[in-house]
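S.K.: Provided below: protein22.csv, containing CSV, C-alpha atoms.
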```csv
chain,number,residue,atom,x,y,z
F,488,MET,CA,3.9,-53.3,-92.5
F,489,ALA,CA,2.6,-49.8,-93.4
F,490,HIS,CA,-0.9,-49.8,-94.8
F,491,ASP,CA,-1.5,-48.4,-98.2
F,492,SER,CA,-4.6,-46.3,-97.6
F,493,ARG,CA,-5.3,-46.2,-101.4
F,494,VAL,CA,-5.7,-50.0,-101.4
F,495,ALA,CA,-8.0,-49.8,-98.4
F,496,ARG,CA,-10.0,-47.0,-99.9
F,497,ARG,CA,-10.5,-49.0,-103.1
F,498,TYR,CA,-11.7,-52.1,-101.3
F,499,ALA,CA,-13.9,-50.0,-99.0
F,500,ASN,CA,-15.4,-48.1,-102.0
F,501,ALA,CA,-16.3,-51.4,-103.7
F,502,LEU,CA,-17.7,-52.9,-100.6
F,503,PHE,CA,-19.7,-49.7,-99.7
F,504,GLU,CA,-21.2,-49.5,-103.2
F,505,THR,CA,-22.3,-53.1,-103.1
F,506,ALA,CA,-23.7,-52.8,-99.6
F,507,GLN,CA,-25.5,-49.7,-100.7
F,508,LYS,CA,-26.9,-51.5,-103.7
F,509,TYR,CA,-28.2,-54.3,-101.4
F,510,ASN,CA,-29.1,-51.9,-98.6
F,511,VAL,CA,-27.0,-53.7,-96.1
F,512,ILE,CA,-24.6,-50.9,-95.1
F,513,LYS,CA,-25.4,-51.0,-91.4
F,514,SER,CA,-25.0,-54.8,-91.3
F,515,VAL,CA,-21.7,-54.8,-93.2
F,516,GLU,CA,-20.4,-52.0,-90.9
F,517,ASP,CA,-21.4,-54.0,-87.9
F,518,ASP,CA,-19.7,-57.1,-89.3
F,519,LEU,CA,-16.5,-55.1,-90.0
F,520,ALA,CA,-16.7,-53.6,-86.5
F,521,GLY,CA,-17.0,-57.1,-85.0
F,522,ILE,CA,-14.0,-58.4,-87.0
F,523,THR,CA,-11.9,-55.3,-86.1
F,524,SER,CA,-12.7,-55.6,-82.4
F,525,LEU,CA,-11.8,-59.3,-82.6
F,526,LEU,CA,-8.5,-58.4,-84.2
F,527,ASP,CA,-7.9,-55.8,-81.5
F,528,GLY,CA,-9.1,-57.9,-78.6
F,529,ASP,CA,-7.8,-61.3,-79.5
F,530,ARG,CA,-4.0,-61.4,-79.8
F,531,SER,CA,-3.8,-65.0,-81.0
F,532,PHE,CA,-6.5,-64.4,-83.7
F,533,HIS,CA,-4.6,-61.2,-84.8
F,534,ASP,CA,-1.3,-63.1,-85.0
F,535,PHE,CA,-2.9,-66.0,-86.8
F,536,LEU,CA,-4.6,-63.9,-89.4
F,537,LEU,CA,-1.6,-61.7,-90.1
F,538,SER,CA,1.0,-64.4,-89.9
F,539,PRO,CA,2.9,-64.9,-93.2
F,540,TYR,CA,3.6,-68.5,-92.2
F,541,VAL,CA,-0.1,-69.5,-92.2
F,542,GLY,CA,-1.4,-70.5,-95.7
F,543,ARG,CA,-4.3,-68.7,-97.4
F,544,GLU,CA,-6.4,-71.9,-97.4
F,545,GLU,CA,-5.9,-72.3,-93.7
F,546,LYS,CA,-6.9,-68.7,-93.0
F,547,LEU,CA,-9.9,-69.0,-95.2
F,548,ARG,CA,-11.0,-72.3,-93.6
F,549,ILE,CA,-10.8,-70.8,-90.1
F,550,CYS,CA,-12.5,-67.5,-91.1
F,551,GLU,CA,-15.3,-69.5,-92.8
F,552,LYS,CA,-15.7,-71.5,-89.6
F,553,LEU,CA,-15.7,-68.4,-87.4
F,554,PHE,CA,-17.7,-65.9,-89.4
F,555,SER,CA,-19.9,-67.7,-92.0
F,556,ASP,CA,-22.9,-68.0,-89.7
F,557,ARG,CA,-22.3,-64.7,-87.9
F,558,ILE,CA,-21.8,-62.1,-90.6
F,559,THR,CA,-23.7,-61.2,-93.8
F,560,ALA,CA,-22.8,-63.0,-97.0
F,561,LEU,CA,-21.5,-59.8,-98.5
F,562,THR,CA,-19.0,-59.2,-95.6
F,563,MET,CA,-18.0,-62.9,-95.8
F,564,GLN,CA,-17.4,-62.5,-99.5
F,565,PHE,CA,-15.2,-59.5,-98.8
F,566,VAL,CA,-13.3,-61.4,-96.2
F,567,ARG,CA,-12.7,-64.2,-98.6
F,568,LEU,CA,-11.6,-61.8,-101.3
F,569,ALA,CA,-9.2,-60.0,-98.9
F,570,LEU,CA,-7.7,-63.3,-97.7
F,571,SER,CA,-7.3,-64.6,-101.3
F,572,LYS,CA,-5.5,-61.4,-102.3
F,573,ARG,CA,-3.4,-61.4,-99.2
F,574,ARG,CA,-4.9,-58.2,-98.0
F,575,GLU,CA,-5.9,-59.3,-94.5
F,576,SER,CA,-3.6,-56.6,-93.0
F,577,GLU,CA,-6.0,-54.0,-94.6
F,578,LEU,CA,-9.1,-55.1,-92.8
F,579,LYS,CA,-9.0,-52.5,-90.1
F,580,ALA,CA,-8.2,-49.7,-92.6
F,581,VAL,CA,-11.1,-50.9,-94.9
F,582,TYR,CA,-13.4,-50.7,-91.9
F,583,SER,CA,-12.3,-47.1,-91.2
F,584,GLU,CA,-12.7,-46.1,-94.8
F,585,PHE,CA,-16.1,-47.8,-95.0
F,586,VAL,CA,-17.3,-45.8,-92.0
F,587,GLU,CA,-16.0,-42.6,-93.5
F,588,LEU,CA,-17.8,-43.4,-96.8
F,589,ARG,CA,-21.0,-44.2,-94.9
F,590,ARG,CA,-20.8,-40.9,-93.0
F,591,LEU,CA,-20.1,-39.0,-96.2
F,592,SER,CA,-23.0,-40.7,-97.9
F,593,GLU,CA,-25.4,-39.9,-95.0
F,594,GLY,CA,-24.0,-36.4,-94.4
F,595,VAL,CA,-23.1,-37.4,-90.9
F,596,LEU,CA,-20.6,-35.3,-88.9
F,597,PHE,CA,-18.2,-37.3,-86.8
F,598,VAL,CA,-17.3,-35.5,-83.6
F,599,SER,CA,-14.8,-36.6,-81.0
F,600,PHE,CA,-15.4,-35.3,-77.5
F,601,ALA,CA,-12.7,-35.4,-74.9
F,602,SER,CA,-13.2,-34.7,-71.2
F,603,ALA,CA,-11.2,-35.2,-68.0
F,604,THR,CA,-13.9,-37.4,-66.5
F,605,GLU,CA,-16.6,-39.7,-67.9
F,606,LEU,CA,-19.6,-37.8,-69.2
F,607,ASP,CA,-23.1,-38.9,-68.2
F,608,LYS,CA,-25.8,-39.6,-70.8
F,609,LYS,CA,-27.4,-36.3,-70.4
F,610,GLN,CA,-24.2,-34.4,-71.0
F,611,ARG,CA,-23.4,-36.5,-74.0
F,612,GLU,CA,-26.8,-35.9,-75.5
F,613,ALA,CA,-26.6,-32.2,-74.8
F,614,LEU,CA,-23.2,-32.0,-76.4
F,615,GLU,CA,-24.3,-33.9,-79.5
F,616,ALA,CA,-27.4,-31.8,-79.8
F,617,LYS,CA,-25.4,-28.5,-79.5
F,618,ILE,CA,-22.9,-29.5,-82.2
F,619,ALA,CA,-25.8,-30.8,-84.4
F,620,LEU,CA,-27.6,-27.5,-83.9
F,621,THR,CA,-24.6,-25.3,-84.6
F,622,THR,CA,-23.5,-27.3,-87.7
F,623,LYS,CA,-27.0,-28.2,-88.8
F,624,ARG,CA,-25.8,-31.7,-89.5
F,625,LYS,CA,-26.5,-35.2,-88.1
F,626,VAL,CA,-23.8,-36.0,-85.5
F,627,GLU,CA,-22.1,-39.2,-84.7
F,628,ALA,CA,-19.9,-38.9,-81.6
F,629,GLU,CA,-17.2,-40.7,-79.7
F,630,PHE,CA,-16.4,-39.8,-76.1
F,631,LEU,CA,-12.8,-40.0,-74.9
F,632,VAL,CA,-11.5,-39.5,-71.3
F,633,ASN,CA,-8.3,-37.6,-70.9
F,634,PRO,CA,-7.5,-36.7,-67.2
F,635,SER,CA,-4.8,-34.3,-68.3
F,636,LEU,CA,-7.5,-31.9,-69.6
F,637,ILE,CA,-8.3,-31.2,-65.8
F,638,GLY,CA,-11.9,-30.0,-66.5
F,639,GLY,CA,-14.3,-29.0,-69.2
F,640,VAL,CA,-14.7,-30.6,-72.6
F,641,LYS,CA,-13.2,-30.5,-76.1
F,642,ALA,CA,-14.9,-31.2,-79.3
F,643,THR,CA,-12.9,-32.0,-82.5
F,644,PHE,CA,-14.5,-32.5,-85.9
F,645,GLU,CA,-13.3,-32.0,-89.4
F,646,ASN,CA,-10.9,-29.0,-89.3
F,647,THR,CA,-12.5,-27.6,-86.2
F,648,VAL,CA,-11.5,-27.8,-82.5
F,649,LEU,CA,-13.8,-26.3,-79.8
F,650,ASP,CA,-11.7,-26.3,-76.7
F,651,GLY,CA,-13.6,-25.7,-73.4
F,652,THR,CA,-11.1,-27.5,-71.2
F,653,VAL,CA,-9.1,-26.0,-68.3
F,654,ARG,CA,-5.9,-27.3,-70.0
F,655,GLY,CA,-6.9,-25.5,-73.2
F,656,SER,CA,-7.6,-22.2,-71.3
F,657,LEU,CA,-4.3,-22.5,-69.5
F,658,LYS,CA,-2.5,-23.1,-72.8
F,659,ARG,CA,-4.1,-20.1,-74.4
F,660,ILE,CA,-3.1,-17.9,-71.4
F,661,GLN,CA,0.4,-19.3,-71.6
F,662,GLU,CA,0.6,-18.5,-75.3
F,663,SER,CA,-0.8,-15.0,-74.8
F,664,LEU,CA,1.7,-14.3,-72.0
F,665,THR,CA,4.6,-15.7,-73.9
F,666,HIS,CA,3.6,-13.6,-76.9
F,667,ASP,CA,3.5,-10.5,-74.7
F,668,VAL,CA,6.9,-11.3,-73.3
F,669,LEU,CA,8.4,-11.9,-76.7
F,670,LYS,CA,6.8,-8.7,-78.0
F,671,GLN,CA,8.7,-6.7,-75.3
F,672,ILE,CA,12.1,-7.4,-76.9
U,1283,MET,CA,119.6,1.2,-114.0
U,1284,SER,CA,120.2,0.5,-117.5
U,1285,ASN,CA,123.9,1.0,-118.1
U,1286,SER,CA,124.3,0.3,-121.8
U,1287,SER,CA,128.0,0.0,-122.6
U,1288,LYS,CA,128.8,0.6,-126.2
U,1289,PRO,CA,132.1,-0.6,-127.8
U,1290,SER,CA,134.6,2.2,-127.6
U,1291,GLY,CA,136.9,3.2,-130.5
U,1292,GLY,CA,136.8,1.9,-134.1
U,1293,SER,CA,135.9,-1.5,-135.5
U,1294,PRO,CA,137.6,-4.5,-133.8
U,1295,ILE,CA,138.6,-5.8,-137.2
U,1296,VAL,CA,141.0,-2.8,-137.5
U,1297,GLY,CA,142.6,-3.7,-134.2
U,1298,ILE,CA,142.8,-7.4,-135.2
U,1299,VAL,CA,144.4,-6.5,-138.5
U,1300,ILE,CA,146.9,-4.1,-136.9
U,1301,GLY,CA,147.6,-6.8,-134.2
U,1302,ALA,CA,148.3,-9.4,-136.9
U,1303,VAL,CA,150.6,-7.0,-138.9
U,1304,LEU,CA,152.4,-6.2,-135.6
U,1305,MET,CA,152.7,-10.0,-134.9
U,1306,VAL,CA,154.1,-10.7,-138.4
U,1307,GLY,CA,156.2,-7.6,-138.3
U,1308,GLY,CA,157.5,-8.4,-134.8
U,1309,MET,CA,158.4,-11.9,-136.0
U,1310,PHE,CA,160.2,-10.5,-139.0
U,1311,VAL,CA,162.0,-7.9,-136.9
U,1312,ASP,CA,163.0,-10.6,-134.4
U,1313,LYS,CA,164.4,-12.8,-137.2
U,1314,ASN,CA,166.1,-10.2,-139.4
U,1315,PHE,CA,166.8,-7.1,-137.4
U,1316,HIS,CA,169.6,-7.3,-134.7
U,1317,PRO,CA,171.1,-3.8,-134.2
U,1318,GLU,CA,174.5,-3.5,-132.5
U,1319,PHE,CA,173.4,-1.4,-129.5
U,1320,LEU,CA,170.8,-4.0,-128.7
U,1321,GLU,CA,173.5,-6.7,-128.6
U,1322,LYS,CA,175.7,-4.5,-126.5
U,1323,LEU,CA,172.8,-4.0,-124.1
U,1324,ALA,CA,172.2,-7.7,-124.0
U,1325,GLN,CA,175.8,-8.3,-123.2
U,1326,GLN,CA,175.6,-5.7,-120.4
U,1327,GLY,CA,172.6,-7.7,-119.0
U,1328,ILE,CA,169.8,-5.8,-120.5
U,1329,PRO,CA,168.2,-8.0,-123.2
U,1330,ILE,CA,165.8,-6.0,-125.3
U,1331,GLU,CA,164.0,-7.8,-128.2
U,1332,PRO,CA,161.9,-5.3,-130.1
U,1333,GLY,CA,160.5,-7.9,-132.5
U,1334,LYS,CA,159.0,-9.9,-129.6
U,1335,VAL,CA,157.7,-6.8,-128.0
U,1336,LEU,CA,156.0,-5.8,-131.3
U,1337,ALA,CA,154.7,-9.4,-131.7
U,1338,ALA,CA,153.4,-9.4,-128.1
U,1339,ILE,CA,151.7,-6.1,-128.7
U,1340,GLY,CA,150.2,-7.5,-131.9
U,1341,VAL,CA,148.9,-10.6,-129.9
U,1342,LEU,CA,147.4,-8.3,-127.4
U,1343,LEU,CA,145.7,-6.3,-130.1
U,1344,VAL,CA,144.3,-9.5,-131.6
U,1345,LEU,CA,143.3,-11.1,-128.3
U,1346,PHE,CA,141.6,-8.0,-126.9
U,1347,PRO,CA,138.9,-7.8,-129.6
U,1348,LEU,CA,138.4,-11.6,-129.5
U,1349,VAL,CA,138.0,-11.5,-125.8
U,1350,ASN,CA,135.7,-8.6,-126.2
U,1351,LEU,CA,133.8,-10.4,-128.9
U,1352,PHE,CA,133.4,-13.8,-127.3
U,1353,PHE,CA,133.4,-13.0,-123.6
U,1354,VAL,CA,132.7,-9.4,-122.7
U,1355,LYS,CA,130.0,-8.8,-125.2
U,1356,PRO,CA,127.8,-11.9,-124.3
U,1357,LEU,CA,128.4,-11.0,-120.7
U,1358,GLN,CA,127.3,-7.5,-121.3
U,1359,GLU,CA,124.3,-8.7,-123.2
U,1360,ALA,CA,123.4,-11.1,-120.4
U,1361,ILE,CA,123.8,-8.3,-117.9
U,1362,GLU,CA,121.8,-6.0,-120.0
U,1363,ASN,CA,119.1,-8.7,-120.5
U,1364,ARG,CA,119.1,-9.3,-116.8
U,1365,THR,CA,118.9,-5.6,-116.2
U,1366,ASN,CA,116.0,-5.3,-118.6
U,1367,GLU,CA,114.3,-8.3,-117.1
U,1368,LEU,CA,114.7,-6.7,-113.7
U,1369,ASP,CA,113.4,-3.4,-115.0
U,1370,ASN,CA,110.5,-5.2,-116.5
U,1371,THR,CA,109.8,-7.1,-113.3
U,1372,PHE,CA,110.1,-3.9,-111.3
U,1373,SER,CA,107.9,-2.2,-113.8
U,1374,GLU,CA,105.4,-5.0,-113.6
U,1375,VAL,CA,105.6,-5.0,-109.9
U,1376,GLU,CA,105.0,-1.3,-110.0
U,1377,ASN,CA,102.1,-1.8,-112.3
U,1378,LEU,CA,100.7,-4.5,-110.1
U,1379,ARG,CA,101.1,-2.3,-107.1
U,1380,ASN,CA,99.3,0.5,-108.9
U,1381,GLU,CA,96.7,-1.9,-110.0
U,1382,MET,CA,96.3,-3.2,-106.4
U,1383,THR,CA,96.1,0.3,-105.1
U,1384,GLN,CA,93.5,1.1,-107.7
U,1385,LEU,CA,91.7,-2.1,-106.8
U,1386,LYS,CA,91.9,-1.3,-103.2
U,1387,SER,CA,90.6,2.1,-103.8
U,1388,ASP,CA,87.8,0.7,-105.9
U,1389,TYR,CA,87.1,-1.9,-103.3
U,1390,GLU,CA,87.0,0.7,-100.6
U,1391,LYS,CA,84.7,2.9,-102.7
U,1392,ARG,CA,82.5,-0.1,-103.4
U,1393,ILE,CA,82.5,-1.0,-99.7
U,1394,ALA,CA,81.6,2.6,-98.9
U,1395,ALA,CA,78.9,2.5,-101.6
U,1396,THR,CA,77.6,-0.8,-100.4
U,1397,GLU,CA,77.6,0.4,-96.8
U,1398,ALA,CA,75.7,3.5,-97.9
U,1399,GLU,CA,73.3,1.5,-99.9
U,1400,ALA,CA,72.8,-1.0,-97.0
U,1401,ARG,CA,72.3,1.9,-94.7
U,1402,GLU,CA,69.8,3.4,-97.0
U,1403,LYS,CA,68.0,0.1,-97.3
U,1404,ILE,CA,68.0,-0.4,-93.6
U,1405,GLN,CA,66.6,3.1,-93.2
U,1406,ALA,CA,64.0,2.4,-95.8
U,1407,GLN,CA,63.1,-0.9,-94.1
U,1408,VAL,CA,63.0,0.7,-90.7
U,1409,LYS,CA,60.7,3.4,-92.1
U,1410,GLU,CA,58.6,0.7,-93.8
U,1411,ALA,CA,58.5,-1.3,-90.6
U,1412,GLN,CA,57.4,1.8,-88.7
U,1413,THR,CA,54.7,2.5,-91.2
U,1414,LEU,CA,53.6,-1.1,-91.1
U,1415,ARG,CA,53.6,-1.0,-87.3
U,1416,GLN,CA,51.5,2.1,-87.3
U,1417,THR,CA,49.1,0.5,-89.8
U,1418,LEU,CA,48.9,-2.7,-87.9
U,1419,MET,CA,48.4,-0.9,-84.6
U,1420,ALA,CA,45.6,1.2,-86.2
U,1421,GLU,CA,44.1,-2.0,-87.7
U,1422,ALA,CA,44.3,-3.8,-84.4
U,1423,SER,CA,42.9,-0.9,-82.6
U,1424,SER,CA,40.0,-0.7,-85.0
U,1425,LYS,CA,39.4,-4.4,-84.8
U,1426,ALA,CA,39.5,-4.3,-81.0
U,1427,ASP,CA,37.0,-1.5,-81.1
U,1428,GLU,CA,34.8,-3.5,-83.4
U,1429,LEU,CA,35.2,-6.6,-81.2
U,1430,VAL,CA,34.2,-4.6,-78.2
U,1431,LYS,CA,31.2,-3.2,-80.0
U,1432,GLN,CA,30.2,-6.7,-81.2
U,1433,ALA,CA,30.7,-8.1,-77.7
U,1434,GLN,CA,28.5,-5.3,-76.3
U,1435,VAL,CA,25.8,-6.1,-78.8
U,1436,GLU,CA,26.2,-9.8,-78.1
U,1437,ILE,CA,26.0,-9.1,-74.3
U,1438,GLU,CA,22.9,-7.0,-74.8
U,1439,ARG,CA,21.3,-9.7,-77.0
U,1440,GLU,CA,22.2,-12.4,-74.5
U,1441,ARG,CA,20.9,-10.3,-71.7
U,1442,ASN,CA,17.6,-9.8,-73.5
U,1443,LYS,CA,17.5,-13.5,-74.3
U,1444,VAL,CA,18.1,-14.5,-70.7
U,1445,LEU,CA,15.5,-12.0,-69.6
U,1446,THR,CA,13.0,-13.4,-72.1
U,1447,ASP,CA,13.8,-17.0,-71.1
U,1448,LEU,CA,13.4,-16.0,-67.5
U,1449,ARG,CA,10.0,-14.4,-68.2
U,1450,VAL,CA,8.9,-17.3,-70.2
U,1451,HIS,CA,10.1,-19.6,-67.5
U,1452,VAL,CA,8.2,-17.6,-64.9
U,1453,VAL,CA,5.1,-17.8,-67.1
U,1454,ASN,CA,5.5,-21.5,-67.4
U,1455,LEU,CA,6.1,-21.9,-63.6
U,1456,THR,CA,3.1,-19.8,-62.8
U,1457,LEU,CA,0.9,-21.7,-65.2
U,1458,GLY,CA,2.2,-25.0,-63.9
U,1459,ALA,CA,1.4,-23.9,-60.4
U,1460,THR,CA,-2.0,-22.6,-61.5
U,1461,GLU,CA,-2.7,-25.9,-63.2
U,1462,LYS,CA,-1.8,-27.9,-60.1
U,1463,VAL,CA,-4.0,-25.6,-57.9
U,1464,ILE,CA,-6.9,-25.9,-60.4
U,1465,GLY,CA,-6.4,-29.6,-60.7
U,1466,ALA,CA,-6.5,-30.0,-56.9
U,1467,ASN,CA,-9.6,-27.9,-56.6
U,1468,MET,CA,-11.5,-29.4,-59.5
U,1469,ASP,CA,-14.6,-31.3,-58.4
U,1470,THR,CA,-17.6,-32.8,-60.2
U,1471,ALA,CA,-19.7,-29.7,-59.7
U,1472,THR,CA,-17.1,-27.4,-61.2
U,1473,ASN,CA,-16.5,-29.7,-64.1
U,1474,ARG,CA,-20.2,-30.0,-64.7
U,1475,LYS,CA,-20.5,-26.2,-64.7
U,1476,LEU,CA,-17.6,-25.9,-67.2
U,1477,ILE,CA,-19.3,-28.4,-69.5
U,1478,GLU,CA,-22.6,-26.5,-69.2
U,1479,GLU,CA,-20.8,-23.3,-70.1
U,1480,PHE,CA,-19.2,-25.0,-73.1
U,1481,ILE,CA,-22.6,-26.3,-74.3
U,1482,GLU,CA,-24.0,-22.8,-73.8
U,1483,LYS,CA,-21.3,-20.9,-75.5
U,1484,ALA,CA,-19.9,-23.3,-78.1
U,1485,GLU,CA,-20.4,-21.9,-81.6
U,1486,VAL,CA,-19.1,-22.9,-84.9
U,1487,THR,CA,-18.1,-20.1,-87.3
U,1488,ALA,CA,-18.6,-20.9,-90.9
```
Starting from the file, lay out its structure as structure tokens.
M.R.:
Amino acid sequence: MAHDSRVARRYANALFETAQKYNVIKSVEDDLAGITSLLDGDRSFHDFLLSPYVGREEKLRICEKLFSDRITALTMQFVRLALSKRRESELKAVYSEFVELRRLSEGVLFVSFASATELDKKQREALEAKIALTTKRKVEAEFLVNPSLIGGVKATFENTVLDGTVRGSLKRIQESLTHDVLKQI
Amino acid sequence: MSNSSKPSGGSPIVGIVIGAVLMVGGMFVDKNFHPEFLEKLAQQGIPIEPGKVLAAIGVLLVLFPLVNLFFVKPLQEAIENRTNELDNTFSEVENLRNEMTQLKSDYEKRIAATEAEAREKIQAQVKEAQTLRQTLMAEASSKADELVKQAQVEIERERNKVLTDLRVHVVNLTLGATEKVIGANMDTATNRKLIEEFIEKAEVTA
């Protein structure tokens, strides 16, 4: 079923405002991250939670048993609400929206770095520092490995792409040469 | 051929009257008049009876107009009618022949006119066909020239397209080969150097 991002945004907004009020943003985010990773990692839990054949009470009972002593009361309350409103399929989207809201609230820039091989800690820190320095914003980063990039690193944030990969350079050369060839006609 | 016979002499009534008088006179003479010389002649073997002769002449005079009236005249009329009829028929035939001749002449004239008209029409059609042929040939020639020009333009375009495709293909092949060579020669040190260069040069334009 396709997620309605407006619904997720509304839930995330309400949750974020409440978490902000009680100063538990970090805890709630961690709780949501935990639930999302459980949904991604545990197929049987995923199928159980999203199954239309399992009743609301049953889902609530299991979730209470699983999470009540592991997550904050606010997150638990949100889970109960989502289940009672049959919005369990929106949990992952709510998490994404919540993170977005938190970053927006803190003025954090989310940067996605992609490289052909795994970067070491020093390189990661240097990259984060460089982007933070050039954008003058606090940076939160994710590091992806993509062997097709051959070498170098690519940073993607907001509407900007900084491509320092071999693949990117080759693509630019290719585009330039193709452009020159087409110009000759 | 009309041979109209008209009754000759005076009126037949005159003849009939004379005949009747002669008949009566003859009968009277035969009864009452017997001269001596006639009896002498009769005795000599020459019997002459003038009364009977007169009566016979009177009968003839009466018979002749009657025959003429009841036999000759109708016959003459019939002959005349037949003659007239034949004349009419011949005249009619003549008229018909003239009419036929006229018709034949008209028909021949008409045939000649039709032939002339047909010939004119054929000539006109032939002329029109020739004009049409020339027009069509000119059009076909013009169209053929246009097609040839179009084909030449198309060939030129296709040639350019193929050349461009070929060049683009060469670029892609070259870059593919370059990518493979670089990929094969890429090591940790080079990669590290590239990352350092990126860190050094990366800049965000506002």
S.K.: Residues of chain F within 9 Å of chain U, counting all atoms listed in the file - could you list those as a tab-separated table (two decimals) with C-alpha atoms, in the coordinates of the input?
M.R.:
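Below you can see out04.tsv, which holds the result:
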```tsv
chain	number	residue	atom	x	y	z
F	602	SER	CA	-13.20	-34.70	-71.20
F	603	ALA	CA	-11.20	-35.20	-68.00
F	604	THR	CA	-13.90	-37.40	-66.50
F	610	GLN	CA	-24.20	-34.40	-71.00
F	613	ALA	CA	-26.60	-32.20	-74.80
F	614	LEU	CA	-23.20	-32.00	-76.40
F	617	LYS	CA	-25.40	-28.50	-79.50
F	618	ILE	CA	-22.90	-29.50	-82.20
F	621	THR	CA	-24.60	-25.30	-84.60
F	622	THR	CA	-23.50	-27.30	-87.70
F	637	ILE	CA	-8.30	-31.20	-65.80
F	638	GLY	CA	-11.90	-30.00	-66.50
F	639	GLY	CA	-14.30	-29.00	-69.20
F	640	VAL	CA	-14.70	-30.60	-72.60
F	641	LYS	CA	-13.20	-30.50	-76.10
F	647	THR	CA	-12.50	-27.60	-86.20
F	649	LEU	CA	-13.80	-26.30	-79.80
F	650	ASP	CA	-11.70	-26.30	-76.70
F	651	GLY	CA	-13.60	-25.70	-73.40
F	652	THR	CA	-11.10	-27.50	-71.20
F	653	VAL	CA	-9.10	-26.00	-68.30
F	654	ARG	CA	-5.90	-27.30	-70.00
F	657	LEU	CA	-4.30	-22.50	-69.50
F	658	LYS	CA	-2.50	-23.10	-72.80
F	660	ILE	CA	-3.10	-17.90	-71.40
F	661	GLN	CA	0.40	-19.30	-71.60
F	664	LEU	CA	1.70	-14.30	-72.00
F	665	THR	CA	4.60	-15.70	-73.90
F	668	VAL	CA	6.90	-11.30	-73.30
F	669	LEU	CA	8.40	-11.90	-76.70
F	671	GLN	CA	8.70	-6.70	-75.30
F	672	ILE	CA	12.10	-7.40	-76.90
```
S.K.: May I ask which of the residues F:Ser538, F:Arg543, F:His666, F:Arg611 is the closest one to F:Lys572, counting all atoms listed in the file?
M.R.: F:Arg543
S.K.: Kindly give the distance, in Å, that separates atom CA of F:Asp529 and atom CA of F:Val515, rounded to a single decimal.
M.R.: 20.6 Å
S.K.: Take the point (163.0, -14.1, -133.9) as written in the file and pick out every residue within 12 Å of it, counting only C-alpha atoms; give the list as a compact mmCIF listing (two decimals) with C-alpha atoms, in the coordinates of the input.
M.R.:
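The result, stored in part.txt:
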```
# COMPACT_ATOMS: atom_id res chain seq x y z
CA MET U 1305 152.70 -10.00 -134.90
CA VAL U 1306 154.10 -10.70 -138.40
CA GLY U 1307 156.20 -7.60 -138.30
CA GLY U 1308 157.50 -8.40 -134.80
CA MET U 1309 158.40 -11.90 -136.00
CA PHE U 1310 160.20 -10.50 -139.00
CA VAL U 1311 162.00 -7.90 -136.90
CA ASP U 1312 163.00 -10.60 -134.40
CA LYS U 1313 164.40 -12.80 -137.20
CA ASN U 1314 166.10 -10.20 -139.40
CA PHE U 1315 166.80 -7.10 -137.40
CA HIS U 1316 169.60 -7.30 -134.70
CA GLU U 1331 164.00 -7.80 -128.20
CA PRO U 1332 161.90 -5.30 -130.10
CA GLY U 1333 160.50 -7.90 -132.50
CA LYS U 1334 159.00 -9.90 -129.60
CA VAL U 1335 157.70 -6.80 -128.00
CA LEU U 1336 156.00 -5.80 -131.30
CA ALA U 1337 154.70 -9.40 -131.70
```
S.K.: Work out how far atom CA of F:Lys625 is from atom CA of F:Lys608, in Å to one decimal.
M.R.: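 Between these atoms lies a distance of 17.9 Å.
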S.K.: Go through F:Leu537, F:Leu606, F:Ala628, F:Val598 and flag the residue nearest F:Val648, using all atoms listed in the file for the distances.
M.R.: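 Looking only at the distances to F:Val648, the closest residue turns out to be F:Val598.
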S.K.: Please indicate the distance in Å from atom CA of F:Val511 to atom CA of F:Arg567, rounded to one decimal place.
M.R.: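 Distance reported for this atom pair: 17.9 Å.
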S.K.: May I have the residues at most 8 Å from (-15.5, -33.8, -88.1) in the file's coordinates, counting only C-alpha atoms, as a list of chain:residue names?
M.R.: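 Looking at atoms near the point gives F:Leu596, F:Phe597, F:Val598, F:Ser599, F:Thr643, F:Phe644, F:Glu645, F:Asn646, F:Thr647.
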S.K.: Measuring between only C-alpha atoms, which one of U:Pro1294, U:Gln1432, U:Tyr1389, U:Glu1438 shows the shortest distance to U:Asn1350?
M.R.: U:Pro1294
S.K.: List the spatial neighbours of F:Arg493 as a VMD selection string - criterion: any atom at most 10 Å away, all atoms listed in the file, same-chain residues fewer than 5 positions off excluded.
M.R.: chain F and resid 498 to 499 580 to 581 584
S.K.: Any idea what's packed within 12 Å of F:Ser576, counting all atoms listed in the file, ignoring anything in its chain fewer than 2 positions away? Could you give it as a list in words?
M.R.: Met488, Ala489, His490, Asp491, Ser492, Val494, Ala495, Thr523, Leu526, His533, Asp534, Phe535, Leu536, Leu537, Ser538, Pro539, Val566, Ala569, Leu570, Lys572, Arg573, Arg574, Leu578, Lys579, Ala580, Val581 and Tyr582 of chain F
S.K.: With a distance cut-off of 12 Å and all atoms listed in the file, select the neighbouring residues of F:Ala560, excluding the residue or stretch itself and same-chain residues fewer than 5 positions from it, and output the selection as a list in words.
M.R.: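 So, after excluding close chain neighbours, the residues are Leu502, Thr505, Ala506, Tyr509, Val511, Ser514, Val515, Asp518, Glu551, Phe554, Ser555, Phe565, Val566 and Arg567 of chain F.
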S.K.: Under the rule that only C-alpha atoms are counted, which of F:Ile512, F:Ser592, F:Arg548, F:Gln507 is the nearest residue to F:Ser571?
M.R.: F:Arg548
S.K.: Could you check which of F:Gln564, F:Thr559, F:Ser663, F:Leu620 is closest to F:Gly521, using all atoms listed in the file?
M.R.: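 When distances to F:Gly521 are compared using all atoms listed in the file, the smallest one comes from F:Thr559.
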